[in-house]
Amino acid sequence: MRSVLLVGLVLFALAQVHAAEAPKKGNTNAADPLAKFSDEELADPGFCFRKLVEALGQKDAALVKAFLADVPRALQGLNLAKEDEKARFLAAFSNLSGASVVSVQRLAMAGVAQVKYTDAKGAEKEARMQNCGGRWKLMPD
């Protein structure tokens, strides 16, 4: 009886170890576009802002949406699988296209960050970001 219990515990432990290592081996969760980034990367507001801008350039609406702390009410009902609605969603953030990070000021205790960036025309602007579960996300105006 003890040996059966011991074998069962060993098999359970091996299954738990395998499940814990699966994300480390590159198995990303298709439902979470941010799963392809490490926790260390997502803990940097500058990195998150740059990836948001890259996603805009690549017209990856799902990734853009994943980097938003809150989707503006006017865009909440859009179906990103439809090209015209996806284009409308991306156009709402077109002011960030081609942006480059100048500096990042993080207030970790408050869970907010201020990103200074230059837009595609070279004008310096600011964006607010919020830490949502260890991931920095843009707070749209």
# chains A, B, ... in the order shown; residues from 1 in each chain; ligands from 1

call {"tool": "residues_around", "arguments": {"residues": "Gly98 of chain A", "least_positions_apart": "3", "cutoff": "10 Å", "atoms": "only C-alpha atoms", "output": "ChimeraX atom specification"}}
result
/A:50,53-54,56-57,94-95,117-122

call {"tool": "write_last_selection", "arguments": {"atoms": "C-alpha atoms", "output": "mmCIF file, in the first residue's frame"}}
result
data_model
loop_
_atom_site.group_PDB
_atom_site.id
_atom_site.type_symbol
_atom_site.label_atom_id
_atom_site.label_comp_id
_atom_site.auth_asym_id
_atom_site.auth_seq_id
_atom_site.Cartn_x
_atom_site.Cartn_y
_atom_site.Cartn_z
ATOM 1 C CA ARG A 50 8.396 50.158 -27.081
ATOM 2 C CA VAL A 53 4.677 51.035 -30.512
ATOM 3 C CA GLU A 54 6.136 48.084 -32.450
ATOM 4 C CA LEU A 56 1.134 49.443 -33.792
ATOM 5 C CA GLY A 57 3.656 49.410 -36.627
ATOM 6 C CA SER A 94 -2.000 56.268 -34.370
ATOM 7 C CA ASN A 95 -0.567 59.202 -32.408
ATOM 8 C CA TYR A 117 8.639 60.017 -25.848
ATOM 9 C CA THR A 118 9.079 61.727 -29.168
ATOM 10 C CA ASP A 119 6.420 61.143 -31.772
ATOM 11 C CA ALA A 120 7.088 60.497 -35.452
ATOM 12 C CA LYS A 121 7.411 64.258 -36.063
ATOM 13 C CA GLY A 122 9.931 64.713 -33.254
#

call {"tool": "select_by_dssp", "arguments": {"residues": "segment 62-134 of chain A", "states": "helix (DSSP H, G or I)", "output": "list in words"}}
result
Ala62, Leu63, Val64, Lys65, Ala66, Arg73, Ala74, Leu75, Glu83, Asp84, Glu85, Lys86, Ala87, Arg88, Phe89, Leu90, Ala91, Ser94, Asn95 and Leu96 of chain A

call {"tool": "closest_residue", "arguments": {"among": "A:Leu52, A:Val115, A:Leu63, A:Leu80", "to": "Lys36 of chain A", "atoms": "only C-alpha atoms"}}
result
A:Leu63

call {"tool": "closest_atom_pairs", "arguments": {"of": "segment 60-111 of chain A", "to": "segment 133-139 of chain A", "cutoff": "7 Å", "atoms": "only C-alpha atoms", "output": "CSV"}}
result
residue,atom,partner,partner_atom,distance
A:Phe67,CA,A:Lys137,CA,4.8
A:Leu68,CA,A:Leu138,CA,4.8
A:Ala69,CA,A:Lys137,CA,4.9
A:Asp70,CA,A:Met139,CA,6.4

call {"tool": "write_last_selection", "arguments": {"atoms": "C-alpha atoms", "output": "compact mmCIF listing (two decimals), in the first residue's frame"}}
result
# COMPACT_ATOMS: atom_id res chain seq x y z
CA PHE A 67 -0.70 46.57 -23.54
CA LEU A 68 -3.67 48.78 -22.60
CA ALA A 69 -4.71 49.17 -18.97
CA ASP A 70 -8.22 50.01 -20.13

call {"tool": "atom_distance", "arguments": {"atom1": "atom CA of Gly111 of chain A", "atom2": "atom CA of Ala66 of chain A"}}
result
17.5 Å

call {"tool": "atom_distance", "arguments": {"atom1": "atom CA of Ala127 of chain A", "atom2": "atom CA of Asp141 of chain A"}}
result
8.5 Å

call {"tool": "closest_residue", "arguments": {"among": "A:Ala61, A:Leu90, A:Pro72, A:Gly46", "to": "Gln114 of chain A", "atoms": "only C-alpha atoms"}}
result
A:Gly46

call {"tool": "residues_around", "arguments": {"residues": "Gln76 of chain A", "least_positions_apart": "6", "cutoff": "12 Å", "atoms": "only C-alpha atoms", "output": "compact mmCIF listing (two decimals) with N, CA and C atoms, in the first residue's frame"}}
result
# COMPACT_ATOMS: atom_id res chain seq x y z
N LYS A 65 -3.91 45.83 -27.75
CA LYS A 65 -4.97 45.75 -26.73
C LYS A 65 -4.43 45.17 -25.43
N LEU A 68 -2.82 47.69 -23.10
CA LEU A 68 -3.67 48.78 -22.60
C LEU A 68 -4.21 48.43 -21.22
N ASP A 70 -6.76 49.93 -19.97
CA ASP A 70 -8.22 50.01 -20.13
C ASP A 70 -8.50 50.39 -21.58
N GLU A 85 -12.84 47.00 -38.41
CA GLU A 85 -12.89 47.33 -36.98
C GLU A 85 -11.48 47.32 -36.37
N LYS A 86 -10.65 46.42 -36.86
CA LYS A 86 -9.25 46.38 -36.42
C LYS A 86 -8.55 47.67 -36.83
N ARG A 88 -9.93 50.56 -37.34
CA ARG A 88 -10.48 51.65 -36.50
C ARG A 88 -9.82 51.64 -35.12
N PHE A 89 -9.63 50.45 -34.55
CA PHE A 89 -8.98 50.31 -33.25
C PHE A 89 -7.55 50.85 -33.31
N ALA A 92 -7.08 54.64 -33.55
CA ALA A 92 -7.28 55.39 -32.31
C ALA A 92 -5.96 55.64 -31.58

call {"tool": "residues_around", "arguments": {"residues": "Glu124 of chain A", "least_positions_apart": "6", "cutoff": "10 Å", "atoms": "only C-alpha atoms", "output": "PyMOL selection string"}}
result
chain A and resi 99-102+116-118

call {"tool": "write_last_selection", "arguments": {"atoms": "N, CA and C atoms", "output": "JSON list (two decimals), in the first residue's frame"}}
result
[["chain", "number", "residue", "atom", "x", "y", "z"],
["A", 99, "ALA", "N", 6.80, 56.34, -32.34],
["A", 99, "ALA", "CA", 7.30, 56.99, -31.12],
["A", 99, "ALA", "C", 8.60, 56.33, -30.64],
["A", 100, "SER", "N", 9.44, 57.14, -29.99],
["A", 100, "SER", "CA", 10.69, 56.66, -29.40],
["A", 100, "SER", "C", 10.76, 57.12, -27.95],
["A", 101, "VAL", "N", 11.10, 56.22, -27.06],
["A", 101, "VAL", "CA", 11.17, 56.55, -25.64],
["A", 101, "VAL", "C", 12.37, 57.46, -25.38],
["A", 102, "VAL", "N", 12.11, 58.54, -24.65],
["A", 102, "VAL", "CA", 13.16, 59.47, -24.23],
["A", 102, "VAL", "C", 13.57, 59.16, -22.80],
["A", 116, "LYS", "N", 8.22, 59.62, -21.22],
["A", 116, "LYS", "CA", 8.40, 60.74, -22.15],
["A", 116, "LYS", "C", 8.89, 60.13, -23.45],
["A", 117, "TYR", "N", 8.27, 60.57, -24.55],
["A", 117, "TYR", "CA", 8.64, 60.02, -25.85],
["A", 117, "TYR", "C", 8.58, 61.11, -26.90],
["A", 118, "THR", "N", 9.21, 60.84, -28.01],
["A", 118, "THR", "CA", 9.08, 61.73, -29.17],
["A", 118, "THR", "C", 8.20, 61.01, -30.17]]

call {"tool": "atom_distance", "arguments": {"atom1": "atom CA of Pro45 of chain A", "atom2": "atom CA of Ala91 of chain A"}}
result
22.5 Å
